[in-house]
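Here's structure03.txt, which has compact mmCIF, C-alpha atoms and all ligand atoms:
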```
# COMPACT_ATOMS: atom_id res chain seq x y z
CA MET A 65 65.19 124.35 47.21
CA SER A 66 61.56 124.71 46.18
CA VAL A 67 58.57 122.93 47.68
CA ASN A 68 56.19 121.68 44.99
CA ALA A 69 52.41 121.42 45.39
CA PHE A 70 52.55 117.65 45.98
CA GLN A 71 55.15 118.06 48.73
CA VAL A 72 53.06 120.82 50.34
CA GLN A 73 50.14 118.38 50.34
CA GLN A 74 52.27 115.64 51.92
CA LEU A 75 53.59 118.01 54.57
CA SER A 76 50.04 119.23 55.25
CA GLN A 77 48.85 115.67 55.84
CA LEU A 78 51.79 114.84 58.09
CA LEU A 79 51.50 118.02 60.16
CA LYS A 80 47.67 117.96 60.09
CA LEU A 81 47.72 121.56 58.89
CA ASP A 82 46.53 123.12 55.63
CA LEU A 83 49.83 124.57 54.42
CA SER A 84 48.43 125.43 50.98
CA ALA A 85 47.13 128.69 52.49
CA TYR A 86 50.59 129.65 53.74
CA HIS A 87 53.01 132.09 52.08
CA SER A 88 55.05 129.68 49.94
CA GLN A 89 58.33 131.63 50.11
CA GLN A 90 58.13 131.85 53.89
CA LEU A 91 57.32 128.14 54.09
CA GLN A 92 60.27 127.28 51.83
CA ARG A 93 62.65 129.42 53.85
CA LEU A 94 61.57 127.83 57.15
CA VAL A 95 61.57 124.25 55.84
CA THR A 96 65.02 124.74 54.23
CA ALA A 97 66.45 126.10 57.49
CA PHE A 98 64.96 123.13 59.38
CA MET A 99 66.48 120.65 56.89
CA GLN A 100 69.89 122.29 57.16
CA ARG A 101 69.81 122.26 60.96
CA ASN A 102 68.79 118.59 61.01
CA GLY A 103 71.07 117.30 58.24
CA PHE A 104 68.50 116.43 55.55
CA GLY A 105 69.78 116.63 51.96
CA ASN A 106 66.41 116.97 50.26
CA LEU A 107 62.73 117.36 51.04
CA ASP A 108 61.72 113.79 50.16
CA GLU A 109 64.23 112.52 52.76
CA LEU A 110 62.66 114.82 55.34
CA ILE A 111 59.13 113.71 54.42
CA LEU A 112 60.15 110.05 54.84
CA ALA A 113 61.60 110.75 58.28
CA LEU A 114 58.54 112.77 59.28
CA ARG A 115 56.32 109.76 58.51
CA GLN A 116 58.29 107.70 61.04
CA LYS A 117 58.95 110.18 63.85
CA ALA A 118 56.20 112.03 65.71
CA GLU A 119 58.88 113.92 67.65
CA LEU A 120 60.39 115.26 64.38
CA ARG A 121 56.91 116.36 63.23
CA GLN A 122 56.47 118.28 66.48
CA ARG A 123 59.92 119.89 66.09
CA LEU A 124 59.12 120.95 62.51
CA LEU A 125 55.79 122.42 63.68
CA ASP A 126 57.65 124.29 66.43
CA SER A 127 60.25 125.65 64.05
CA LEU A 128 57.61 126.83 61.59
CA GLY A 129 56.65 129.11 64.48
CA ILE A 130 53.11 128.01 64.01
CA ASN A 131 52.31 127.26 67.65
CA VAL A 132 54.33 130.07 69.24
CA THR A 133 52.28 131.81 71.88
CA GLN A 134 52.48 133.64 75.20
CA PHE A 135 50.19 134.74 77.97
CA PHE A 136 49.26 138.42 77.41
CA ARG A 137 51.29 138.53 74.18
CA ASP A 138 52.09 142.22 73.39
CA PRO A 139 51.20 143.47 76.91
CA LYS A 140 50.43 147.05 75.78
CA MET A 141 47.60 145.79 73.57
CA TRP A 142 46.24 143.73 76.47
CA GLU A 143 46.26 146.87 78.59
CA ILE A 144 44.04 148.58 75.99
CA LEU A 145 41.83 145.48 75.96
CA ALA A 146 41.51 145.49 79.76
CA LYS A 147 41.15 149.24 80.29
CA GLU A 148 39.10 150.33 77.26
CA ILE A 149 37.74 147.63 74.96
CA LEU A 150 36.34 145.12 77.47
CA PRO A 151 34.88 147.70 79.91
CA ASN A 152 33.07 149.23 76.91
CA LEU A 153 31.77 145.85 75.75
CA LEU A 154 30.62 145.05 79.29
CA ARG A 155 28.64 148.31 79.40
CA HIS A 156 26.75 147.35 76.23
CA PHE A 157 26.37 143.60 76.62
CA LYS A 158 25.74 141.75 79.87
CA SER A 159 27.27 138.36 79.17
CA LEU A 160 30.10 138.28 76.70
CA ARG A 161 30.77 135.54 74.18
CA VAL A 162 34.43 135.60 73.22
CA TRP A 163 36.10 133.59 70.44
CA SER A 164 39.86 132.95 70.51
CA ALA A 165 40.56 131.71 66.96
CA GLY A 166 43.94 129.96 66.65
CA CYS A 167 44.35 129.63 70.42
CA SER A 168 47.37 127.28 70.26
CA ILE A 169 48.06 125.76 73.73
CA GLY A 170 45.52 127.97 75.49
CA LYS A 171 47.58 130.85 76.87
CA GLU A 172 45.52 133.39 74.91
CA PRO A 173 42.03 132.27 76.06
CA TYR A 174 43.24 131.91 79.67
CA SER A 175 44.63 135.47 79.48
CA ILE A 176 41.19 136.65 78.32
CA ALA A 177 39.55 134.66 81.15
CA ALA A 178 41.88 136.33 83.68
CA VAL A 179 41.03 139.84 82.42
CA LEU A 180 37.29 139.14 82.41
CA HIS A 181 37.50 137.60 85.87
CA GLU A 182 39.20 140.72 87.23
CA LEU A 183 36.77 143.10 85.52
CA ASP A 184 33.59 141.21 86.35
CA PRO A 185 34.14 138.37 88.86
CA ASP A 186 30.42 137.55 89.08
CA GLY A 187 29.77 137.77 85.34
CA LYS A 188 28.67 134.84 83.18
CA HIS A 189 31.04 135.06 80.25
CA SER A 190 32.11 132.30 77.92
CA ILE A 191 35.17 131.85 75.75
CA ILE A 192 35.21 129.50 72.76
CA ALA A 193 38.83 128.69 71.97
CA THR A 194 39.57 126.96 68.67
CA ASP A 195 42.58 125.65 66.79
CA ILE A 196 43.34 123.23 63.98
CA ASP A 197 46.06 121.47 66.00
CA GLU A 198 44.70 118.68 68.23
CA THR A 199 47.95 118.28 70.19
CA ALA A 200 47.90 121.99 71.03
CA LEU A 201 44.25 121.70 72.09
CA GLN A 202 45.03 118.74 74.37
CA HIS A 203 47.74 120.80 76.07
CA ALA A 204 45.31 123.72 76.33
CA GLN A 205 42.78 121.49 78.10
CA ARG A 206 45.41 120.27 80.58
CA ALA A 207 46.01 123.95 81.43
CA GLU A 208 49.51 123.30 82.80
CA TYR A 209 52.60 125.25 81.73
CA TRP A 210 56.22 125.83 82.75
CA ALA A 211 56.49 127.62 86.08
CA ASN A 212 58.69 130.25 84.37
CA ASP A 213 55.77 131.21 82.13
CA LEU A 214 54.43 133.09 85.14
CA ASN A 215 56.82 135.86 84.04
CA GLU A 216 54.70 136.41 80.92
CA ILE A 217 51.73 137.32 83.12
CA PRO A 218 51.45 140.96 84.27
CA SER A 219 51.85 141.23 88.04
CA ASP A 220 48.20 142.29 88.60
CA TYR A 221 46.98 138.94 87.27
CA ARG A 222 49.62 136.61 88.74
CA PRO A 223 47.71 135.90 91.98
CA LEU A 224 44.97 134.30 89.84
CA PHE A 225 47.34 131.52 88.73
CA LYS A 226 48.91 128.79 90.89
CA ILE A 227 52.30 127.10 91.00
CA GLN A 228 51.81 123.41 91.82
CA ASN A 229 54.55 120.74 91.77
CA GLY A 230 56.78 123.05 89.74
CA SER A 231 54.14 123.82 87.08
CA LEU A 232 52.02 126.85 86.39
CA VAL A 233 48.40 125.76 86.75
CA VAL A 234 45.30 127.61 85.55
CA PRO A 235 42.68 127.48 88.34
CA SER A 236 39.25 125.97 87.69
CA SER A 237 37.60 129.42 88.04
CA LEU A 238 39.33 130.46 84.78
CA LYS A 239 39.37 127.02 83.15
CA GLY A 240 35.60 126.76 83.54
CA MET A 241 35.11 129.85 81.37
CA VAL A 242 36.84 128.31 78.34
CA ARG A 243 35.56 125.62 75.96
CA PHE A 244 38.04 124.22 73.43
CA GLN A 245 37.06 122.97 70.00
CA LYS A 246 38.90 121.88 66.87
CA LEU A 247 38.16 124.30 64.01
CA ASN A 248 39.90 124.93 60.70
CA LEU A 249 39.49 128.60 59.81
CA LEU A 250 39.78 127.75 56.11
CA SER A 251 36.91 125.29 55.95
CA ASP A 252 34.74 125.00 59.11
CA PRO A 253 31.71 127.12 60.05
CA TYR A 254 32.46 129.94 62.50
CA PRO A 255 30.80 130.48 65.90
CA GLN A 256 28.11 133.19 65.87
CA ASP A 257 26.89 136.00 68.19
CA ILE A 258 30.44 136.83 69.26
CA HIS A 259 31.19 140.07 71.17
CA LEU A 260 34.99 139.86 71.10
CA LEU A 261 36.86 137.91 68.42
CA VAL A 262 40.55 137.44 69.14
CA CYS A 263 42.57 136.16 66.17
CA ARG A 264 46.22 136.95 66.68
CA ASN A 265 49.43 135.90 64.93
CA LEU A 266 47.76 133.36 62.68
CA LEU A 267 46.74 135.30 59.58
CA ILE A 268 50.32 136.55 59.09
CA TYR A 269 51.18 133.04 57.90
CA PHE A 270 48.45 133.04 55.25
CA ARG A 271 48.68 134.16 51.62
CA PRO A 272 46.86 137.50 51.00
CA GLU A 273 44.19 135.92 48.77
CA VAL A 274 42.87 133.59 51.49
CA LYS A 275 42.28 136.43 53.98
CA PRO A 276 39.18 138.27 52.58
CA PRO A 277 36.79 135.32 53.07
CA ILE A 278 38.13 134.92 56.61
CA PHE A 279 37.50 138.61 57.42
CA HIS A 280 33.99 138.39 55.89
CA GLY A 281 33.39 135.34 58.09
CA PHE A 282 34.69 137.22 61.15
CA ALA A 283 32.35 140.13 60.39
CA GLN A 284 29.42 137.70 60.28
CA SER A 285 30.46 136.04 63.53
CA LEU A 286 30.46 139.31 65.44
CA VAL A 287 27.35 141.06 66.69
CA GLU A 288 26.98 144.74 65.83
CA GLY A 289 29.15 146.62 68.31
CA GLY A 290 31.46 143.60 68.70
CA VAL A 291 35.24 143.94 68.43
CA LEU A 292 37.94 142.13 66.43
CA PHE A 293 41.37 141.98 68.12
CA LEU A 294 44.34 141.22 65.81
CA GLY A 295 48.07 140.64 66.44
CA ALA A 296 50.66 143.41 66.75
CA SER A 297 51.98 142.87 63.22
CA GLU A 298 48.62 142.39 61.52
CA VAL A 299 46.65 145.13 59.79
CA LEU A 300 43.19 144.82 58.30
CA LEU A 301 43.31 146.54 54.89
CA ASN A 302 40.05 148.25 53.83
CA PRO A 303 38.27 147.49 57.10
CA TRP A 304 35.12 149.31 55.89
CA SER A 305 34.66 146.81 53.07
CA TYR A 306 34.01 144.14 55.70
CA GLY A 307 31.86 146.37 57.91
CA PHE A 308 34.66 147.18 60.39
CA LYS A 309 35.67 150.55 61.78
CA PRO A 310 39.25 150.92 63.11
CA LEU A 311 39.26 151.72 66.83
CA GLN A 312 42.79 151.58 68.15
CA PHE A 313 45.82 149.87 66.64
CA GLY A 314 44.84 146.20 66.32
CA PHE A 315 41.17 146.67 67.33
CA TYR A 316 38.24 146.96 64.91
CA LEU A 317 34.58 147.61 65.69
CA LYS A 318 31.87 145.69 63.82
CA THR A 319 29.46 148.38 62.61
C1 LIG A 401 51.39 131.45 66.15
S1 LIG A 401 50.02 130.64 66.89
C2 LIG A 401 49.22 132.01 67.65
C3 LIG A 401 48.61 131.66 68.97
C4 LIG A 401 47.91 132.80 69.70
N1 LIG A 401 46.80 133.31 68.93
C5 LIG A 401 48.89 133.91 69.99
O1 LIG A 401 48.85 134.95 69.34
O2 LIG A 401 49.71 133.76 70.89
C6 LIG A 401 48.97 130.29 65.48
C7 LIG A 401 47.96 129.17 65.75
O3 LIG A 401 47.11 129.08 64.61
C8 LIG A 401 46.80 127.72 64.38
N2 LIG A 401 46.39 127.54 62.98
C9 LIG A 401 47.16 127.50 61.88
N3 LIG A 401 46.42 127.30 60.78
C10 LIG A 401 45.14 127.22 61.21
C11 LIG A 401 43.89 127.04 60.55
N4 LIG A 401 43.82 126.88 59.23
N5 LIG A 401 42.75 127.03 61.30
C12 LIG A 401 42.81 127.19 62.64
N6 LIG A 401 43.95 127.36 63.33
C13 LIG A 401 45.11 127.38 62.62
C14 LIG A 401 48.08 126.98 64.71
O4 LIG A 401 47.84 125.61 65.01
C15 LIG A 401 48.58 127.80 65.92
O5 LIG A 401 48.19 127.21 67.13
```

For the structure just supplied, provide its representation as structure tokens.
Ligand SMILES: C[S@@+](CC[C@H](N)C(=O)[O-])C[C@H]1O[C@@H](n2cnc3c(N)ncnc32)[C@H](O)[C@@H]1O
Amino acid sequence: MSVNAFQVQQLSQLLKLDLSAYHSQQLQRLVTAFMQRNGFGNLDELILALRQKAELRQRLLDSLGINVTQFFRDPKMWEILAKEILPNLLRHFKSLRVWSAGCSIGKEPYSIAAVLHELDPDGKHSIIATDIDETALQHAQRAEYWANDLNEIPSDYRPLFKIQNGSLVVPSSLKGMVRFQKLNLLSDPYPQDIHLLVCRNLLIYFRPEVKPPIFHGFAQSLVEGGVLFLGASEVLLNPWSYGFKPLQFGFYLKT
């Protein structure tokens, strides 16, 4: 099966996501697998059903892996963030402005809030957390998760979170540090004067040709001495051409 440009446009409208920037082969593979699992014979049939069923749209979004997230995803990288990158940033800048770009349901920005809270409990730091998906942002603002998700959080940080009525709840001390905002990385202006820019497991879905303008935009968002934090399977090719210097695996310094 192949997904033509018109169908990509229809799917984009239905899922409220700009799929034209996505790797088309990967998209085709994932949509085909979804159709097979759910008994759809062709893509037009699926599109018709998607128009009628919000629950099917959510399941397709989930199976595209687009919203997958975890607290402290790739814990070793978060250890580097907590032990090296953030202490260094805190030495150079007093109040940090952090941007979590593609924050999904909020686990990433709340992980950052937890680390900052532990490192500098009296500090005045702010986290702007953005995503294109309004449903994900609504969940992020509720700040409630499955109780089992506590297992994703390293033991040092667990006492910061609460279990209430069978849910994992982010306390107001961490919630208050984060401001959520809808932002499409492909078309909206980016926040400025950022000290730490966290964009993880989002750019892997994008076609190579859409990435350079995003990295240029990231470089402009960051102050000199600021740091870009990418996902475990993402590499910035030619970092120097954007004004970045590789620090550790996944971390780049804005020069
Ligand atoms: C796989 S999740 C990653 C979440 C989190 N950063 C992490 O690593 O756990 C990717 C997120 O990127 C968002 N996203 C996809 N396309 C986007 C775009 N064009 N602009 C902004 N966010 C986008 C999706 O809605 C999703 O929440």

Near ligand LIG 401 (chain A), 10 Å: chain A residue rows, closest pairs, all atoms listed in the file, as CSV:
```
residue,atom,partner,partner_atom,distance
A:Leu79,CA,A:LIG401,O4,9.7
A:Lys80,CA,A:LIG401,O4,9.1
A:Leu81,CA,A:LIG401,N3,6.2
A:Asp82,CA,A:LIG401,N4,5.9
A:Leu83,CA,A:LIG401,N3,7.7
A:Ser84,CA,A:LIG401,N4,9.6
A:Ala85,CA,A:LIG401,N4,7.7
A:Tyr86,CA,A:LIG401,N3,8.5
A:Leu125,CA,A:LIG401,O4,8.7
A:Asp126,CA,A:LIG401,C1,9.5
A:Leu128,CA,A:LIG401,C1,9.0
A:Gly129,CA,A:LIG401,C1,6.0
A:Ile130,CA,A:LIG401,C1,4.4
A:Asn131,CA,A:LIG401,C15,4.1
A:Val132,CA,A:LIG401,C1,4.5
A:Thr133,CA,A:LIG401,O2,3.4
A:Gln134,CA,A:LIG401,O2,5.1
A:Phe135,CA,A:LIG401,O2,7.2
A:Phe136,CA,A:LIG401,O2,8.0
A:Arg137,CA,A:LIG401,O2,6.0
A:Asp138,CA,A:LIG401,O1,8.9
A:Ser164,CA,A:LIG401,N1,7.1
A:Ala165,CA,A:LIG401,N6,6.6
A:Gly166,CA,A:LIG401,O3,3.9
A:Cys167,CA,A:LIG401,N1,4.7
A:Ser168,CA,A:LIG401,O5,3.2
A:Ile169,CA,A:LIG401,O5,6.8
A:Gly170,CA,A:LIG401,C4,7.9
A:Lys171,CA,A:LIG401,O2,7.0
A:Glu172,CA,A:LIG401,C4,5.8
A:Pro173,CA,A:LIG401,N1,8.6
A:Ala193,CA,A:LIG401,N1,9.7
A:Thr194,CA,A:LIG401,C12,6.8
A:Asp195,CA,A:LIG401,N6,4.1
A:Ile196,CA,A:LIG401,C12,4.2
A:Asp197,CA,A:LIG401,O4,4.6
A:Glu198,CA,A:LIG401,O4,8.3
A:Thr199,CA,A:LIG401,O4,9.0
A:Ala200,CA,A:LIG401,O5,6.5
A:Leu201,CA,A:LIG401,O5,8.4
A:Lys246,CA,A:LIG401,C12,7.8
A:Leu247,CA,A:LIG401,C12,5.6
A:Asn248,CA,A:LIG401,N5,3.6
A:Leu249,CA,A:LIG401,N5,3.9
A:Leu250,CA,A:LIG401,N4,5.2
A:Ser251,CA,A:LIG401,N4,7.8
A:Asp252,CA,A:LIG401,N5,8.5
A:Val262,CA,A:LIG401,N1,7.5
A:Cys263,CA,A:LIG401,N1,5.8
A:Arg264,CA,A:LIG401,O1,4.2
A:Asn265,CA,A:LIG401,O1,4.5
A:Leu266,CA,A:LIG401,C6,4.3
A:Leu267,CA,A:LIG401,O3,8.0
A:Ile268,CA,A:LIG401,C1,8.8
A:Tyr269,CA,A:LIG401,C9,7.9
A:Phe270,CA,A:LIG401,N3,8.2
A:Leu294,CA,A:LIG401,O1,8.5
A:Gly295,CA,A:LIG401,O1,6.4
A:Ala296,CA,A:LIG401,O1,9.0
```

Per residue of region 193-225 of chain A within 12 Å of region 145-160 of chain A, record the nearest atom pair and its distance in Å to one decimal, counting all atoms listed in the file, with rows in chain order and ascending residue number, as JSON lines.
```
{"residue": "A:Pro218", "atom": "CA", "partner": "A:Ala146", "partner_atom": "CA", "distance": 11.8}
{"residue": "A:Asp220", "atom": "CA", "partner": "A:Ala146", "partner_atom": "CA", "distance": 11.5}
{"residue": "A:Tyr221", "atom": "CA", "partner": "A:Ala146", "partner_atom": "CA", "distance": 11.4}
```

Residue nearest Gly314 (chain A) among A:Arg243, A:Arg123, A:Lys188, A:Lys140 (counting all atoms listed in the file):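 For Gly314 (chain A), the nearest of the candidates is A:Lys140.
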
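The gap separating CA of Val234 (chain A) from CA of Asn212 (chain A) is 13.7 Å, in Å to one decimal.
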
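Distance annotation: of A:Asn215, A:Gln116, A:Gln100, A:Gln90, the residue with the minimal separation from Pro139 (chain A) is A:Asn215; atom set is all atoms listed in the file.
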
Separation of CA of Lys309 (chain A) from CA of Trp163 (chain A), in Å and rounded to one decimal: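 Separating CA of Lys309 (chain A) from CA of Trp163 (chain A) is a distance of 19.0 Å.
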
Go ahead and fit an axis-aligned box to every listed atom of region 108-126 of chain A plus 6 Å each side, and pass me the centre and edge lengths in Å, one decimal, as lines of an AutoDock Vina configuration file.
```
center_x = 60.0
center_y = 116.0
center_z = 58.9
size_x = 20.4
size_y = 28.6
size_z = 29.5
```
